[in-house]
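Since the structure comes first, as structure tokens, the remarks are kept for the end.
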Amino acid sequence: MSRLLIMLVVSVSLLSSAAIWAEAERITFKNAQSEENYTALVNELRCLVCQNQTIADSDADLAKDLRAKVYNMVEAGQSQTEVIDYMTARYGDFVLYRPAFKMKTLLLWLGPIVFLLLAIFFVIRWVRAQSSSAPVAMLSDDQRDSVRELLNKTQ
Amino acid sequence: MKKSALIPLGIFAVLVVFLAIGLGLKPREVPSPFIGKPVPQFSLPKLMAEGKMVSPDDLKGQVWMLNVFASWCVSCRAEHDVLTRLIRSEKLPVLGLNYKDESKDAKEWLAELGNPYQHIAVDLEGQVGIDLGVYGVPETFVIDKKGIIRHKATGPVFDATVRDDLLPLILKLREEKG
């Protein structure tokens with residue numbers, strides 16, 4: 001029971017971490033659009049010094065600074081695209097959890113699909129090979145007779 | 001031997017290649033999008049001269065380095081000797097960016113370890129750091145005579161880094177026209 005409770009507390013706190021930071025940093029927005037942009041951006045940008053966390057999730061100093069930067073930019077009326085462009089110009093595509101689709105990121109986006117297609121291709125080939133090479137059970141005339149005999153016996 | 005018997009071996013070989021590449025990767029080393037771009041403009045107060053400002057323009061026309069450091073940064077302490085030796089032997093102008101540091105601590109740190117910097121800019125809030133795409137301290141940028149960033153070293157500079165990367169590049173850049 002207590003274990004369940006701990007799990008529940010941990011998962012709830014993980015889910016609401018972004019909200020907690022916003023609360024802890026006591027930030028207020030000039031309008032709803034600004035808040036929406038901020039929330040979208042901090043959940044989209046990677047904390048570069050953490051392993052796999054967004055800047056919304058992280059308590060690292062750099063994440064705090066980047067949140068502050070994003071806040072200042074959206075409050076100054078800059079669009080999400082402008083903030084994203086600013087960040088990628090400085091930190092590269094790595095700063096984005098969903099990097100733009102372009103030549104450099106082609107393999108990243110299409111790689112999984114290519115691997116899936118390859119897998120499907122090999123599975124189909126394998127299944128076909130199995131079904132065509134499987135020996136079809138053929139009985140000789142003698143065997144057929146003995147089977148018939150056996151069946152008649154049991155009846 | 002049947003051909004199909006070689007398939008697991010083939011898969012294994014491919015896996016080995018990918019894992020070998022993976023071992024060599026450094027996930028913390030983000031390729032800097034700054035290489036080939038002009039150094040971002042900023043104007044920050046000087047650490048050692050109160051009331052005075054320093055900007056990258058003060059170093060224009062020469063090959064110089066920008067070194068991001070802080071007294072709280074352990075690897076900065078580690079690289080300080082190496083950096084100092086390079087700066088002294090090459091008479092290299094270096095702008096130190098004192099990143100998110102208390103000026104008092106930074107001054108004590110430099111008094112203890114020596115100050116090889118020509119200028120030191122105070123970036124208390126780390127906003128210029130963000131402009132420079134700094135995500136870990138120390139970081140070292142090599143900038144050419146035209147003010148273009150030509151190289152960035154992330155993490156501490158070692159003797160080998162100086163020998164293999166920094167020094168050859170600095171000598172090469174000095175040959176270029178301003």
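Chain identifiers are assigned as A, B, and so on, following the order in which chains appear in the structure tokens; residues are numbered from 1 within each chain, and ligands are numbered from 1 in order of appearance.
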Contacts from chain A to chain B, 7 Å maximum, only C-alpha atoms: show me the residue list as a PDB file with C-alpha atoms, in the first residue's frame.
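To be explicit, this is the file written out as out-v2.pdb:
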```
ATOM      1  CA  LEU A  48      21.801  20.694 -22.856  1.00  0.00           C
ATOM      2  CA  VAL A  49      23.618  19.731 -19.707  1.00  0.00           C
ATOM      3  CA  LEU A  62      21.525  26.581 -17.548  1.00  0.00           C
ATOM      4  CA  ALA A  89      21.330  29.528 -33.998  1.00  0.00           C
ATOM      5  CA  ARG A  90      23.192  29.175 -30.715  1.00  0.00           C
ATOM      6  CA  TYR A  91      22.831  25.576 -29.632  1.00  0.00           C
ATOM      7  CA  GLY A  92      22.136  23.806 -32.933  1.00  0.00           C
TER       8      GLY A  92
END
```
DSSP strand (DSSP E) residues within chain B, as a PDB file with N, CA and C atoms, in the first residue's frame:
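Here's the written file selection.pdb:
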```
ATOM      1  N   LEU B  44      30.222  44.443 -21.917  1.00  0.00           N
ATOM      2  CA  LEU B  44      30.090  44.043 -20.517  1.00  0.00           C
ATOM      3  C   LEU B  44      31.089  44.802 -19.662  1.00  0.00           C
ATOM      4  N   PRO B  45      30.753  44.989 -18.379  1.00  0.00           N
ATOM      5  CA  PRO B  45      31.705  45.663 -17.484  1.00  0.00           C
ATOM      6  C   PRO B  45      32.970  44.838 -17.301  1.00  0.00           C
ATOM      7  N   MET B  53      33.942  49.344 -19.805  1.00  0.00           N
ATOM      8  CA  MET B  53      33.288  48.266 -20.529  1.00  0.00           C
ATOM      9  C   MET B  53      34.260  47.627 -21.515  1.00  0.00           C
ATOM     10  N   VAL B  54      33.976  46.372 -21.854  1.00  0.00           N
ATOM     11  CA  VAL B  54      34.782  45.698 -22.867  1.00  0.00           C
ATOM     12  C   VAL B  54      33.844  45.022 -23.870  1.00  0.00           C
ATOM     13  N   TRP B  64      42.538  36.153 -31.784  1.00  0.00           N
ATOM     14  CA  TRP B  64      42.366  36.133 -30.329  1.00  0.00           C
ATOM     15  C   TRP B  64      41.468  34.998 -29.873  1.00  0.00           C
ATOM     16  N   MET B  65      41.441  34.807 -28.590  1.00  0.00           N
ATOM     17  CA  MET B  65      40.587  33.759 -28.042  1.00  0.00           C
ATOM     18  C   MET B  65      39.629  34.341 -27.015  1.00  0.00           C
ATOM     19  N   LEU B  66      38.478  33.716 -26.929  1.00  0.00           N
ATOM     20  CA  LEU B  66      37.530  34.062 -25.875  1.00  0.00           C
ATOM     21  C   LEU B  66      37.395  32.825 -24.989  1.00  0.00           C
ATOM     22  N   ASN B  67      37.716  32.989 -23.722  1.00  0.00           N
ATOM     23  CA  ASN B  67      37.686  31.858 -22.798  1.00  0.00           C
ATOM     24  C   ASN B  67      36.629  32.107 -21.723  1.00  0.00           C
ATOM     25  N   VAL B  68      35.667  31.188 -21.651  1.00  0.00           N
ATOM     26  CA  VAL B  68      34.610  31.311 -20.647  1.00  0.00           C
ATOM     27  C   VAL B  68      35.078  30.592 -19.386  1.00  0.00           C
ATOM     28  N   PHE B  69      35.113  31.312 -18.274  1.00  0.00           N
ATOM     29  CA  PHE B  69      35.602  30.693 -17.033  1.00  0.00           C
ATOM     30  C   PHE B  69      34.824  31.203 -15.828  1.00  0.00           C
ATOM     31  N   VAL B  94      43.663  37.344 -25.061  1.00  0.00           N
ATOM     32  CA  VAL B  94      42.520  36.518 -24.695  1.00  0.00           C
ATOM     33  C   VAL B  94      41.545  37.332 -23.856  1.00  0.00           C
ATOM     34  N   LEU B  95      40.275  37.248 -24.265  1.00  0.00           N
ATOM     35  CA  LEU B  95      39.227  37.879 -23.480  1.00  0.00           C
ATOM     36  C   LEU B  95      38.616  36.804 -22.596  1.00  0.00           C
ATOM     37  N   GLY B  96      38.680  37.003 -21.297  1.00  0.00           N
ATOM     38  CA  GLY B  96      38.065  36.057 -20.382  1.00  0.00           C
ATOM     39  C   GLY B  96      36.636  36.485 -20.115  1.00  0.00           C
ATOM     40  N   LEU B  97      35.698  35.544 -20.254  1.00  0.00           N
ATOM     41  CA  LEU B  97      34.315  35.856 -19.905  1.00  0.00           C
ATOM     42  C   LEU B  97      34.036  35.202 -18.561  1.00  0.00           C
ATOM     43  N   ASN B  98      33.969  36.026 -17.558  1.00  0.00           N
ATOM     44  CA  ASN B  98      33.722  35.516 -16.208  1.00  0.00           C
ATOM     45  C   ASN B  98      32.231  35.229 -16.079  1.00  0.00           C
ATOM     46  N   TYR B  99      31.906  33.931 -16.171  1.00  0.00           N
ATOM     47  CA  TYR B  99      30.526  33.497 -16.374  1.00  0.00           C
ATOM     48  C   TYR B  99      29.828  33.200 -15.048  1.00  0.00           C
ATOM     49  N   HIS B 119      41.683  41.096 -21.282  1.00  0.00           N
ATOM     50  CA  HIS B 119      40.474  41.725 -20.764  1.00  0.00           C
ATOM     51  C   HIS B 119      39.653  40.654 -20.054  1.00  0.00           C
ATOM     52  N   ILE B 120      38.905  41.071 -19.054  1.00  0.00           N
ATOM     53  CA  ILE B 120      37.955  40.143 -18.451  1.00  0.00           C
ATOM     54  C   ILE B 120      36.596  40.828 -18.384  1.00  0.00           C
ATOM     55  N   ALA B 121      35.608  40.166 -18.988  1.00  0.00           N
ATOM     56  CA  ALA B 121      34.248  40.706 -19.002  1.00  0.00           C
ATOM     57  C   ALA B 121      33.424  39.982 -17.951  1.00  0.00           C
ATOM     58  N   VAL B 122      32.594  40.729 -17.232  1.00  0.00           N
ATOM     59  CA  VAL B 122      31.763  40.137 -16.190  1.00  0.00           C
ATOM     60  C   VAL B 122      30.375  39.840 -16.753  1.00  0.00           C
ATOM     61  N   ASP B 123      30.053  38.549 -16.821  1.00  0.00           N
ATOM     62  CA  ASP B 123      28.726  38.142 -17.281  1.00  0.00           C
ATOM     63  C   ASP B 123      27.997  37.508 -16.104  1.00  0.00           C
ATOM     64  N   GLU B 139      34.721  26.986 -21.824  1.00  0.00           N
ATOM     65  CA  GLU B 139      34.658  26.874 -23.278  1.00  0.00           C
ATOM     66  C   GLU B 139      35.627  27.894 -23.862  1.00  0.00           C
ATOM     67  N   THR B 140      36.249  27.532 -24.967  1.00  0.00           N
ATOM     68  CA  THR B 140      37.244  28.417 -25.561  1.00  0.00           C
ATOM     69  C   THR B 140      36.979  28.582 -27.048  1.00  0.00           C
ATOM     70  N   PHE B 141      36.837  29.822 -27.474  1.00  0.00           N
ATOM     71  CA  PHE B 141      36.610  30.134 -28.886  1.00  0.00           C
ATOM     72  C   PHE B 141      37.877  30.732 -29.474  1.00  0.00           C
ATOM     73  N   VAL B 142      38.222  30.309 -30.695  1.00  0.00           N
ATOM     74  CA  VAL B 142      39.318  30.947 -31.420  1.00  0.00           C
ATOM     75  C   VAL B 142      38.706  31.840 -32.497  1.00  0.00           C
ATOM     76  N   ILE B 143      39.115  33.102 -32.490  1.00  0.00           N
ATOM     77  CA  ILE B 143      38.495  34.081 -33.397  1.00  0.00           C
ATOM     78  C   ILE B 143      39.568  34.690 -34.297  1.00  0.00           C
ATOM     79  N   ILE B 149      34.382  33.357 -35.711  1.00  0.00           N
ATOM     80  CA  ILE B 149      34.719  32.222 -34.842  1.00  0.00           C
ATOM     81  C   ILE B 149      35.170  31.051 -35.714  1.00  0.00           C
ATOM     82  N   ARG B 150      36.361  30.553 -35.463  1.00  0.00           N
ATOM     83  CA  ARG B 150      36.908  29.493 -36.308  1.00  0.00           C
ATOM     84  C   ARG B 150      36.974  28.151 -35.600  1.00  0.00           C
ATOM     85  N   HIS B 151      36.930  28.179 -34.267  1.00  0.00           N
ATOM     86  CA  HIS B 151      37.049  26.927 -33.535  1.00  0.00           C
ATOM     87  C   HIS B 151      36.466  27.110 -32.149  1.00  0.00           C
ATOM     88  N   LYS B 152      35.893  26.016 -31.641  1.00  0.00           N
ATOM     89  CA  LYS B 152      35.405  26.082 -30.270  1.00  0.00           C
ATOM     90  C   LYS B 152      35.826  24.815 -29.550  1.00  0.00           C
ATOM     91  N   ALA B 153      36.470  24.990 -28.402  1.00  0.00           N
ATOM     92  CA  ALA B 153      36.840  23.843 -27.578  1.00  0.00           C
ATOM     93  C   ALA B 153      35.902  23.829 -26.374  1.00  0.00           C
ATOM     94  N   THR B 154      35.169  22.737 -26.217  1.00  0.00           N
ATOM     95  CA  THR B 154      34.273  22.603 -25.070  1.00  0.00           C
ATOM     96  C   THR B 154      34.990  21.792 -24.000  1.00  0.00           C
TER      97      THR B 154
END
```
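For Tyr97 (chain A), the list of residues within 12 Å, based on only C-alpha atoms and with local chain neighbours fewer than 2 positions off taken out, reads Ala40, Leu41, Val42, Asn43, Glu44, Leu45, Arg46, Cys47, Leu48, Asn52, Gln53, Thr54, Ile55, Ile84, Thr88, Gly92, Asp93, Phe94, Val95, Pro99, Ala100, Leu108 and Trp109 of chain A.
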B:Leu124, B:Ile148, B:Leu47, B:Val14 ranked by distance to Lys60 (chain B), top pick (using only C-alpha atoms)
B:Ile148
